[in-house]
Amino acid sequence: MPEYFHSVTLDKDACRGCITCVKRCPTEAIRVRDGKARIIGERCIDCGECIRVCPHHAKSAVTDSLSSIEQFKYKVVLPPPSLFGQYKRQEDLELIRAALKELGFDAVYEVAAAAELVSDATRRMLEQGGPKRPVISSACPAVLRLIRIRFPNLLENVLPLSAPMEVAARLAREKAVEETGLDPSEIGIVFITPCPAKATAIKNPMGTEKSEVDLAISVSEIYPALLAAMNKCAAEGTGPDSAQSGRTGLSWGNSGGEAAATFTVRYLAADGIENVINVLEEMEDDRLSDQDFVELNACPAGCVGGVLNIENPYVAATRMKRLRNYRPVACNSLSGDALPPEILWDAEVKPINALSLDTNPQHSLKMMREIEEIESRLYGLDCGSCGAPSCRALAEDIVLGYSTEDACIYLLKDKVEAVRASMLSLKIDSRDKSGDKNS
Amino acid sequence: MSGNTLHYHYVVPGDDFTKAGMASSAVKQVLKQLGLDPETVRKMSISLYEGEINMVIHAGGGEIDVDIDDEKIVAVLTDHGPGIENIELAMQEGWSTASEQVRGLGFGAGMGLPNMKKYSDYMNIESKPGSGTAVTVMVNIK
């Protein structure tokens, strides 16, 4: 069960059973059944495309409320780099830092600070040979899950380092324990999430057994309260600069930031789930072997484009660029020669077999023949009325036993037409017979 | 050997780089869905992609026939292009007759046929200068 936990969820009352999300899902993980969208858990990568495109706002992400932080004695908040692009009127990072404390947090640990450590570790790994080239970033959990499901061949290229959120959580808890003397369980590590994928990565982590993050509050949930707190802090004046990260860490919020921080010139950065899939297809066929590093973000423009953010991704990206200019290049680096354990993966990231028909090639060949046969009888309009994203997907669902040919309204229409024709001919027959009697 | 074979037929349009690779991409999806070993999928996808690009660059397009059973994948790429003058030379890495224009697009590095050979378990070329080429590649299913 925990294997298929997803933070993306559906408001059944708001869902009208239209097929907008079904069509846009990059892993064909949604079907409309009984008039409502259903997510096929093993295929979902939590990219949030369905939340982004739903015209009725029926899709959302399960996250925690701001009041839920009260369960902890000492609360540390982890703001992601992209949060700093959400608000106007900031001159520096201090205002948001102060406002977060105003909301009840005892300490702030910037995820961008941990990102600088991950950048340092990445550079060292690349220098020392590292994984198979081109190395793929492991920071976007939606991309990582996509690779596990659709591109298992490329798992050996993935950077085996924890995402900045996880590194920040580990370091923040250590620091809090040191400073307060409290038991680790009394400390709440609260991440402010720009996307459902990161919320899922807390409950269902990859590269580690258990996440150190306790709660995930969405940017959209905290946005109004944080704005009010910022206004208050701005009026009262903030203290001296206490920000923990530099340009390197903050640039992780935008597509290309992580890649640029590797200091290699042979890198590629792609954002938006369709673009990411196209790049992975190219990589899978060995067509990007001249690159050292590939940064992939499921959201347009990078984490600033996360579906739980408020601000337009490009506006946020521009704002962050301006904020970065006042910061040093980096404020954090690794000490010592060995990579610290809190940065390395400590659990294997395995392929997820969710798309193949059967594990036995003989069975899957037989099923594929049936699929081709059914597909050839369908109209190829990909209208989606059956609840599947395409005629091909319906044919697959039929063979897998999840649907029937009657789900296709065109085939049904043909059937009705055939019944009507035979009923009409029955009527004519009976009239002829009665005519015979009369004569 | 069971009676379960799949057959696919693709028409590759000539001189249209925007559509080049569509057949190999479609085959890759089928092979993945069949649940074949990722390395097998990779070998066939790369061989087929190289062959498909060759057809577009050199032969004005052609046709691809793919047969899959539970032991192997066989692809036959047939074109009616100029044919290959010297097959031995064409098989050498880096040797290419592609135009400057095609090279400018990042193709024609002379790795097409050598890569097909490298990634397939069996390869055969039949070519008659002036009348066309038929390349057969086979990848065994593990």
# chains A, B, ... in the order shown; residues from 1 in each chain; ligands from 1
$ interface_residues --of "chain B" --to "chain A" --cutoff "12 Å" --atoms "only C-alpha atoms" --output "ChimeraX atom specification"
/B:1-8,21-22,24-26,28-50,67-73,106-107,111,115,119,141-142
$ residues_around --residues "B:Leu113" --least-positions-apart "5" --cutoff "8 Å" --atoms "only C-alpha atoms" --output "list in words"
Glu50, Gly51, Ala90 and Met91 of chain B
$ residues_around --residues "A:Thr122" --least-positions-apart "5" --cutoff "10 Å" --atoms "only C-alpha atoms" --output "VMD selection string"
chain A and resid 116 to 117 127 to 128 130 135 137 159 to 161 258 to 259 261 to 263 293 339 343
$ write_last_selection --atoms "N, CA and C atoms" --output "CSV table (one decimal), in the first residue's frame"
chain,number,residue,atom,x,y,z
A,116,GLU,N,23.3,23.9,-2.0
A,116,GLU,CA,24.7,24.2,-2.3
A,116,GLU,C,25.6,23.0,-1.9
A,117,LEU,N,25.3,22.3,-0.9
A,117,LEU,CA,26.0,21.1,-0.5
A,117,LEU,C,25.9,20.0,-1.5
A,127,GLU,N,33.8,14.8,-10.9
A,127,GLU,CA,35.3,14.8,-11.0
A,127,GLU,C,35.9,13.4,-10.8
A,128,GLN,N,35.3,12.7,-9.9
A,128,GLN,CA,35.8,11.3,-9.6
A,128,GLN,C,35.3,10.2,-10.5
A,130,GLY,N,32.1,9.3,-11.2
A,130,GLY,CA,30.7,9.4,-11.0
A,130,GLY,C,29.9,8.3,-11.8
A,135,VAL,N,25.1,12.2,-16.7
A,135,VAL,CA,24.5,12.0,-15.4
A,135,VAL,C,23.2,12.8,-15.3
A,137,SER,N,20.1,14.4,-13.1
A,137,SER,CA,19.8,14.9,-11.8
A,137,SER,C,18.7,14.1,-11.1
A,159,LEU,N,22.0,10.4,-10.7
A,159,LEU,CA,22.9,10.9,-9.6
A,159,LEU,C,22.4,10.3,-8.3
A,160,PRO,N,23.2,9.5,-7.6
A,160,PRO,CA,22.7,8.8,-6.4
A,160,PRO,C,22.8,9.7,-5.1
A,161,LEU,N,22.4,11.0,-5.3
A,161,LEU,CA,22.4,11.9,-4.1
A,161,LEU,C,21.0,12.3,-3.7
A,258,GLU,N,20.6,24.1,-11.3
A,258,GLU,CA,21.4,23.0,-10.7
A,258,GLU,C,22.5,22.6,-11.7
A,259,ALA,N,22.2,22.5,-13.0
A,259,ALA,CA,23.1,22.1,-14.0
A,259,ALA,C,24.3,23.1,-14.1
A,261,ALA,N,25.5,24.9,-11.8
A,261,ALA,CA,26.3,24.7,-10.6
A,261,ALA,C,27.2,23.5,-10.7
A,262,THR,N,27.1,22.7,-11.7
A,262,THR,CA,28.1,21.6,-11.8
A,262,THR,C,29.4,22.0,-12.4
A,263,PHE,N,29.4,23.3,-12.9
A,263,PHE,CA,30.6,23.9,-13.6
A,263,PHE,C,31.0,23.1,-14.8
A,293,PHE,N,26.0,16.3,-18.0
A,293,PHE,CA,25.0,16.4,-17.0
A,293,PHE,C,23.6,16.8,-17.6
A,339,LEU,N,32.3,12.2,0.9
A,339,LEU,CA,30.9,12.8,0.9
A,339,LEU,C,30.2,12.3,2.1
A,343,ILE,N,24.1,13.0,2.5
A,343,ILE,CA,23.9,13.5,1.1
A,343,ILE,C,23.7,12.3,0.2
$ residues_around --residues "A:Leu66" --least-positions-apart "5" --cutoff "12 Å" --atoms "only C-alpha atoms" --output "JSON, numbers by chain"
{"A": [71, 75, 77, 100, 103, 104, 105, 190, 191, 192, 215, 216, 217, 218, 219, 220, 221, 222, 223, 224, 225, 226]}
$ write_last_selection --atoms "N, CA and C atoms" --output "PDB file, in the first residue's frame"
ATOM      1  N   GLN A  71       1.705  20.489  16.855  1.00  0.00           N
ATOM      2  CA  GLN A  71       1.965  19.213  17.535  1.00  0.00           C
ATOM      3  C   GLN A  71       3.433  19.073  17.963  1.00  0.00           C
ATOM      4  N   LYS A  75       9.765  23.932  16.109  1.00  0.00           N
ATOM      5  CA  LYS A  75       9.377  23.814  14.701  1.00  0.00           C
ATOM      6  C   LYS A  75      10.407  24.471  13.792  1.00  0.00           C
ATOM      7  N   VAL A  77      11.217  25.348   9.860  1.00  0.00           N
ATOM      8  CA  VAL A  77      10.610  25.409   8.533  1.00  0.00           C
ATOM      9  C   VAL A  77      11.697  25.368   7.466  1.00  0.00           C
ATOM     10  N   LEU A 100       8.287  33.991   8.397  1.00  0.00           N
ATOM     11  CA  LEU A 100       8.087  32.582   8.748  1.00  0.00           C
ATOM     12  C   LEU A 100       8.155  32.405  10.266  1.00  0.00           C
ATOM     13  N   LEU A 103       5.057  33.457  11.933  1.00  0.00           N
ATOM     14  CA  LEU A 103       3.966  32.475  11.825  1.00  0.00           C
ATOM     15  C   LEU A 103       4.075  31.358  12.870  1.00  0.00           C
ATOM     16  N   GLY A 104       5.127  31.355  13.658  1.00  0.00           N
ATOM     17  CA  GLY A 104       5.226  30.360  14.717  1.00  0.00           C
ATOM     18  C   GLY A 104       6.378  29.389  14.589  1.00  0.00           C
ATOM     19  N   PHE A 105       7.172  29.546  13.547  1.00  0.00           N
ATOM     20  CA  PHE A 105       8.327  28.658  13.430  1.00  0.00           C
ATOM     21  C   PHE A 105       9.473  29.172  14.306  1.00  0.00           C
ATOM     22  N   VAL A 190       9.359  21.029   8.870  1.00  0.00           N
ATOM     23  CA  VAL A 190       8.208  21.354   8.027  1.00  0.00           C
ATOM     24  C   VAL A 190       8.670  21.939   6.695  1.00  0.00           C
ATOM     25  N   PHE A 191       8.368  21.235   5.621  1.00  0.00           N
ATOM     26  CA  PHE A 191       8.754  21.695   4.292  1.00  0.00           C
ATOM     27  C   PHE A 191       7.590  22.457   3.655  1.00  0.00           C
ATOM     28  N   ILE A 192       7.902  23.555   2.995  1.00  0.00           N
ATOM     29  CA  ILE A 192       6.868  24.280   2.258  1.00  0.00           C
ATOM     30  C   ILE A 192       6.975  23.833   0.809  1.00  0.00           C
ATOM     31  N   LEU A 215       6.264  17.273   8.051  1.00  0.00           N
ATOM     32  CA  LEU A 215       5.045  17.843   7.466  1.00  0.00           C
ATOM     33  C   LEU A 215       5.374  18.567   6.168  1.00  0.00           C
ATOM     34  N   ALA A 216       4.390  18.610   5.278  1.00  0.00           N
ATOM     35  CA  ALA A 216       4.536  19.383   4.047  1.00  0.00           C
ATOM     36  C   ALA A 216       3.331  20.322   3.929  1.00  0.00           C
ATOM     37  N   ILE A 217       3.611  21.617   3.961  1.00  0.00           N
ATOM     38  CA  ILE A 217       2.543  22.601   3.787  1.00  0.00           C
ATOM     39  C   ILE A 217       2.715  23.178   2.385  1.00  0.00           C
ATOM     40  N   SER A 218       1.634  23.270   1.640  1.00  0.00           N
ATOM     41  CA  SER A 218       1.770  23.773   0.268  1.00  0.00           C
ATOM     42  C   SER A 218       1.967  25.285   0.286  1.00  0.00           C
ATOM     43  N   VAL A 219       2.640  25.780  -0.746  1.00  0.00           N
ATOM     44  CA  VAL A 219       2.840  27.224  -0.882  1.00  0.00           C
ATOM     45  C   VAL A 219       1.481  27.920  -0.891  1.00  0.00           C
ATOM     46  N   SER A 220       0.513  27.319  -1.617  1.00  0.00           N
ATOM     47  CA  SER A 220      -0.798  27.970  -1.712  1.00  0.00           C
ATOM     48  C   SER A 220      -1.495  28.034  -0.359  1.00  0.00           C
ATOM     49  N   GLU A 221      -1.241  27.060   0.518  1.00  0.00           N
ATOM     50  CA  GLU A 221      -1.853  27.067   1.859  1.00  0.00           C
ATOM     51  C   GLU A 221      -1.250  28.173   2.733  1.00  0.00           C
ATOM     52  N   ILE A 222       0.063  28.310   2.663  1.00  0.00           N
ATOM     53  CA  ILE A 222       0.727  29.246   3.574  1.00  0.00           C
ATOM     54  C   ILE A 222       0.744  30.671   3.016  1.00  0.00           C
ATOM     55  N   TYR A 223       0.473  30.799   1.717  1.00  0.00           N
ATOM     56  CA  TYR A 223       0.642  32.082   1.028  1.00  0.00           C
ATOM     57  C   TYR A 223      -0.039  33.276   1.712  1.00  0.00           C
ATOM     58  N   PRO A 224      -1.350  33.220   2.000  1.00  0.00           N
ATOM     59  CA  PRO A 224      -1.994  34.417   2.569  1.00  0.00           C
ATOM     60  C   PRO A 224      -1.468  34.772   3.959  1.00  0.00           C
ATOM     61  N   ALA A 225      -1.295  33.764   4.812  1.00  0.00           N
ATOM     62  CA  ALA A 225      -0.801  34.015   6.172  1.00  0.00           C
ATOM     63  C   ALA A 225       0.612  34.590   6.123  1.00  0.00           C
ATOM     64  N   LEU A 226       1.416  34.058   5.210  1.00  0.00           N
ATOM     65  CA  LEU A 226       2.793  34.524   5.094  1.00  0.00           C
ATOM     66  C   LEU A 226       2.837  35.965   4.570  1.00  0.00           C
TER      67      LEU A 226
END
$ residues_around --residues "stretch 28-45 of chain A" --least-positions-apart "2" --cutoff "10 Å" --atoms "only C-alpha atoms" --output "VMD selection string"
chain A and resid 1 3 to 26 47 to 50 58 to 59 141 to 150 196 to 197 200 298 352 to 355 384 to 390 393 to 394 397 403
$ write_last_selection --atoms "C-alpha atoms" --output "PDB file, in the first residue's frame"
ATOM      1  CA  MET A   1       0.000   0.000   0.000  1.00  0.00           C
ATOM      2  CA  GLU A   3       4.288   1.814  -2.412  1.00  0.00           C
ATOM      3  CA  TYR A   4       1.438   3.577  -4.192  1.00  0.00           C
ATOM      4  CA  PHE A   5       0.809   6.509  -1.897  1.00  0.00           C
ATOM      5  CA  HIS A   6       0.134   9.659  -3.898  1.00  0.00           C
ATOM      6  CA  SER A   7      -0.546  13.172  -2.777  1.00  0.00           C
ATOM      7  CA  VAL A   8      -2.528  13.939  -5.929  1.00  0.00           C
ATOM      8  CA  THR A   9      -6.185  13.457  -5.106  1.00  0.00           C
ATOM      9  CA  LEU A  10      -9.648  14.026  -6.542  1.00  0.00           C
ATOM     10  CA  ASP A  11     -12.621  16.020  -5.276  1.00  0.00           C
ATOM     11  CA  LYS A  12     -15.389  13.731  -6.522  1.00  0.00           C
ATOM     12  CA  ASP A  13     -18.097  16.377  -6.262  1.00  0.00           C
ATOM     13  CA  ALA A  14     -16.158  18.835  -8.397  1.00  0.00           C
ATOM     14  CA  CYS A  15     -15.146  16.253 -11.040  1.00  0.00           C
ATOM     15  CA  ARG A  16     -17.494  16.255 -14.024  1.00  0.00           C
ATOM     16  CA  GLY A  17     -15.875  13.297 -15.712  1.00  0.00           C
ATOM     17  CA  CYS A  18     -14.524  15.333 -18.614  1.00  0.00           C
ATOM     18  CA  ILE A  19     -11.345  13.859 -20.027  1.00  0.00           C
ATOM     19  CA  THR A  20      -9.012  16.848 -19.791  1.00  0.00           C
ATOM     20  CA  CYS A  21      -6.742  15.227 -17.183  1.00  0.00           C
ATOM     21  CA  VAL A  22      -7.012  11.795 -18.828  1.00  0.00           C
ATOM     22  CA  LYS A  23      -5.617  13.198 -22.072  1.00  0.00           C
ATOM     23  CA  ARG A  24      -2.829  15.204 -20.476  1.00  0.00           C
ATOM     24  CA  CYS A  25      -1.468  12.615 -18.066  1.00  0.00           C
ATOM     25  CA  PRO A  26       2.077  11.771 -19.247  1.00  0.00           C
ATOM     26  CA  CYS A  47       3.808  15.440 -11.577  1.00  0.00           C
ATOM     27  CA  GLY A  48       0.674  17.479 -10.964  1.00  0.00           C
ATOM     28  CA  GLU A  49      -0.255  17.944 -14.642  1.00  0.00           C
ATOM     29  CA  CYS A  50      -3.826  16.912 -13.827  1.00  0.00           C
ATOM     30  CA  ALA A  58     -11.280  18.914  -8.898  1.00  0.00           C
ATOM     31  CA  LYS A  59      -7.696  17.733  -8.578  1.00  0.00           C
ATOM     32  CA  PRO A 141      10.893  13.347  -7.644  1.00  0.00           C
ATOM     33  CA  ALA A 142       8.357  13.329 -10.492  1.00  0.00           C
ATOM     34  CA  VAL A 143      11.171  12.859 -13.012  1.00  0.00           C
ATOM     35  CA  LEU A 144      12.801  10.172 -10.897  1.00  0.00           C
ATOM     36  CA  ARG A 145       9.546   8.255 -10.679  1.00  0.00           C
ATOM     37  CA  LEU A 146       9.014   8.725 -14.423  1.00  0.00           C
ATOM     38  CA  ILE A 147      12.432   7.175 -15.061  1.00  0.00           C
ATOM     39  CA  ARG A 148      11.589   4.242 -12.782  1.00  0.00           C
ATOM     40  CA  ILE A 149       8.385   3.587 -14.703  1.00  0.00           C
ATOM     41  CA  ARG A 150       9.171   4.494 -18.313  1.00  0.00           C
ATOM     42  CA  PRO A 196       2.665  17.336  -5.058  1.00  0.00           C
ATOM     43  CA  ALA A 197       5.704  15.236  -6.054  1.00  0.00           C
ATOM     44  CA  THR A 200       4.722  12.372  -1.999  1.00  0.00           C
ATOM     45  CA  ALA A 298       8.762  18.138 -14.517  1.00  0.00           C
ATOM     46  CA  ILE A 352       8.720   0.076 -11.319  1.00  0.00           C
ATOM     47  CA  ASN A 353       7.067  -2.332 -13.702  1.00  0.00           C
ATOM     48  CA  ALA A 354       3.750  -0.568 -14.303  1.00  0.00           C
ATOM     49  CA  LEU A 355       3.538  -0.289 -18.070  1.00  0.00           C
ATOM     50  CA  GLY A 384     -11.945   9.833 -24.857  1.00  0.00           C
ATOM     51  CA  SER A 385     -15.677   9.196 -24.318  1.00  0.00           C
ATOM     52  CA  CYS A 386     -14.857   5.707 -23.058  1.00  0.00           C
ATOM     53  CA  GLY A 387     -12.778   7.265 -20.291  1.00  0.00           C
ATOM     54  CA  ALA A 388      -9.404   6.183 -21.718  1.00  0.00           C
ATOM     55  CA  PRO A 389      -6.941   8.658 -23.252  1.00  0.00           C
ATOM     56  CA  SER A 390      -6.917   7.009 -26.715  1.00  0.00           C
ATOM     57  CA  ALA A 393      -5.402   2.757 -24.426  1.00  0.00           C
ATOM     58  CA  LEU A 394      -8.989   1.435 -24.530  1.00  0.00           C
ATOM     59  CA  ASP A 397      -7.696  -1.758 -21.014  1.00  0.00           C
ATOM     60  CA  SER A 403     -12.957  -2.211 -19.817  1.00  0.00           C
TER      61      SER A 403
END
$ atom_distance --atom1 "atom CA of A:Pro341" --atom2 "atom CA of A:Val276"
29.4 Å
$ atom_distance --atom1 "atom CA of A:Tyr326" --atom2 "atom CA of A:Val76"
25.2 Å
$ residues_around --residues "A:Asn325" --least-positions-apart "2" --cutoff "12 Å" --atoms "only C-alpha atoms" --output "list of chain:residue names"
A:Glu91, A:Asp92, A:Leu93, A:Gly246, A:Arg247, A:Thr248, A:Leu250, A:Ser251, A:Thr318, A:Arg319, A:Met320, A:Lys321, A:Arg322, A:Leu323, A:Arg327, A:Pro328, A:Val329, A:Ala330
$ closest_residue --among "B:Ile87, B:Val12, B:Ala23, B:Ile57" --to "B:Pro129" --atoms "only C-alpha atoms"
B:Ile87
$ residues_around --residues "A:Pro205" --least-positions-apart "3" --cutoff "10 Å" --atoms "only C-alpha atoms" --output "PyMOL selection string"
chain A and resi 3+141+162+166+198-202+208-212+347+349
$ write_last_selection --atoms "N, CA and C atoms" --output "compact mmCIF listing (two decimals), in the first residue's frame"
# COMPACT_ATOMS: atom_id res chain seq x y z
N GLU A 3 3.60 1.74 -1.12
CA GLU A 3 4.29 1.81 -2.41
C GLU A 3 3.54 2.75 -3.36
N PRO A 141 11.43 14.68 -7.91
CA PRO A 141 10.89 13.35 -7.64
C PRO A 141 9.93 12.85 -8.72
N SER A 162 20.84 12.53 -2.42
CA SER A 162 19.54 12.95 -1.91
C SER A 162 19.20 14.33 -2.43
N GLU A 166 15.62 16.78 1.37
CA GLU A 166 15.95 15.73 2.32
C GLU A 166 17.23 16.06 3.09
N LYS A 198 6.91 16.47 -4.32
CA LYS A 198 7.76 16.54 -3.14
C LYS A 198 6.98 16.12 -1.89
N ALA A 199 5.68 16.42 -1.87
CA ALA A 199 4.86 15.97 -0.74
C ALA A 199 4.81 14.44 -0.73
N THR A 200 4.72 13.83 -1.90
CA THR A 200 4.72 12.37 -2.00
C THR A 200 6.07 11.81 -1.59
N ALA A 201 7.15 12.51 -1.97
CA ALA A 201 8.50 12.03 -1.67
C ALA A 201 8.76 11.98 -0.16
N ILE A 202 7.94 12.66 0.62
CA ILE A 202 8.09 12.61 2.07
C ILE A 202 7.47 11.33 2.62
N THR A 208 16.07 6.55 0.07
CA THR A 208 16.20 6.40 1.52
C THR A 208 14.95 5.70 2.04
N GLU A 209 15.05 5.11 3.22
CA GLU A 209 13.90 4.37 3.75
C GLU A 209 12.84 5.28 4.33
N LYS A 210 13.33 6.34 5.02
CA LYS A 210 12.37 7.21 5.71
C LYS A 210 12.81 8.66 5.56
N SER A 211 11.85 9.52 5.23
CA SER A 211 12.17 10.93 5.10
C SER A 211 12.27 11.58 6.47
N GLU A 212 13.15 12.55 6.59
CA GLU A 212 13.29 13.31 7.84
C GLU A 212 12.30 14.48 7.89
N ALA A 347 19.34 3.86 0.03
CA ALA A 347 18.47 2.77 -0.40
C ALA A 347 18.44 2.76 -1.92
N VAL A 349 17.23 2.64 -5.69
CA VAL A 349 16.04 3.11 -6.42
C VAL A 349 15.82 2.14 -7.59
$ select_by_dssp --residues "stretch 30-117 of chain B" --states "strand (DSSP E or B)" --output "number ranges by chain"
B: 61-68, 72-79
$ select_by_dssp --residues "stretch 108-156 of chain A" --states "helix (DSSP H, G or I)" --output "ChimeraX atom specification"
/A:111-127,141-150,152-156
$ write_last_selection --atoms "C-alpha atoms" --output "PDB file, in the first residue's frame"
ATOM      1  CA  VAL A 111      16.599  24.328   1.283  1.00  0.00           C
ATOM      2  CA  ALA A 112      18.872  26.413  -0.964  1.00  0.00           C
ATOM      3  CA  ALA A 113      21.610  26.063   1.671  1.00  0.00           C
ATOM      4  CA  ALA A 114      21.415  22.277   1.404  1.00  0.00           C
ATOM      5  CA  ALA A 115      21.266  22.596  -2.395  1.00  0.00           C
ATOM      6  CA  GLU A 116      24.720  24.185  -2.302  1.00  0.00           C
ATOM      7  CA  LEU A 117      26.038  21.116  -0.494  1.00  0.00           C
ATOM      8  CA  VAL A 118      24.406  18.861  -3.088  1.00  0.00           C
ATOM      9  CA  SER A 119      26.009  20.961  -5.840  1.00  0.00           C
ATOM     10  CA  ASP A 120      29.381  20.546  -4.152  1.00  0.00           C
ATOM     11  CA  ALA A 121      28.843  16.788  -3.872  1.00  0.00           C
ATOM     12  CA  THR A 122      27.735  16.617  -7.511  1.00  0.00           C
ATOM     13  CA  ARG A 123      30.895  18.363  -8.694  1.00  0.00           C
ATOM     14  CA  ARG A 124      33.038  15.981  -6.689  1.00  0.00           C
ATOM     15  CA  MET A 125      31.180  12.954  -8.028  1.00  0.00           C
ATOM     16  CA  LEU A 126      31.588  14.135 -11.612  1.00  0.00           C
ATOM     17  CA  GLU A 127      35.299  14.775 -11.029  1.00  0.00           C
ATOM     18  CA  PRO A 141      10.893  13.347  -7.644  1.00  0.00           C
ATOM     19  CA  ALA A 142       8.357  13.329 -10.492  1.00  0.00           C
ATOM     20  CA  VAL A 143      11.171  12.859 -13.012  1.00  0.00           C
ATOM     21  CA  LEU A 144      12.801  10.172 -10.897  1.00  0.00           C
ATOM     22  CA  ARG A 145       9.546   8.255 -10.679  1.00  0.00           C
ATOM     23  CA  LEU A 146       9.014   8.725 -14.423  1.00  0.00           C
ATOM     24  CA  ILE A 147      12.432   7.175 -15.061  1.00  0.00           C
ATOM     25  CA  ARG A 148      11.589   4.242 -12.782  1.00  0.00           C
ATOM     26  CA  ILE A 149       8.385   3.587 -14.703  1.00  0.00           C
ATOM     27  CA  ARG A 150       9.171   4.494 -18.313  1.00  0.00           C
ATOM     28  CA  PRO A 152      14.405   1.949 -16.290  1.00  0.00           C
ATOM     29  CA  ASN A 153      17.436   1.676 -18.604  1.00  0.00           C
ATOM     30  CA  LEU A 154      18.510   5.127 -17.479  1.00  0.00           C
ATOM     31  CA  LEU A 155      18.508   4.489 -13.716  1.00  0.00           C
ATOM     32  CA  GLU A 156      22.243   3.809 -13.910  1.00  0.00           C
TER      33      GLU A 156
END
$ atom_distance --atom1 "atom CA of B:Ile84" --atom2 "atom CA of B:Asp121"
21.8 Å
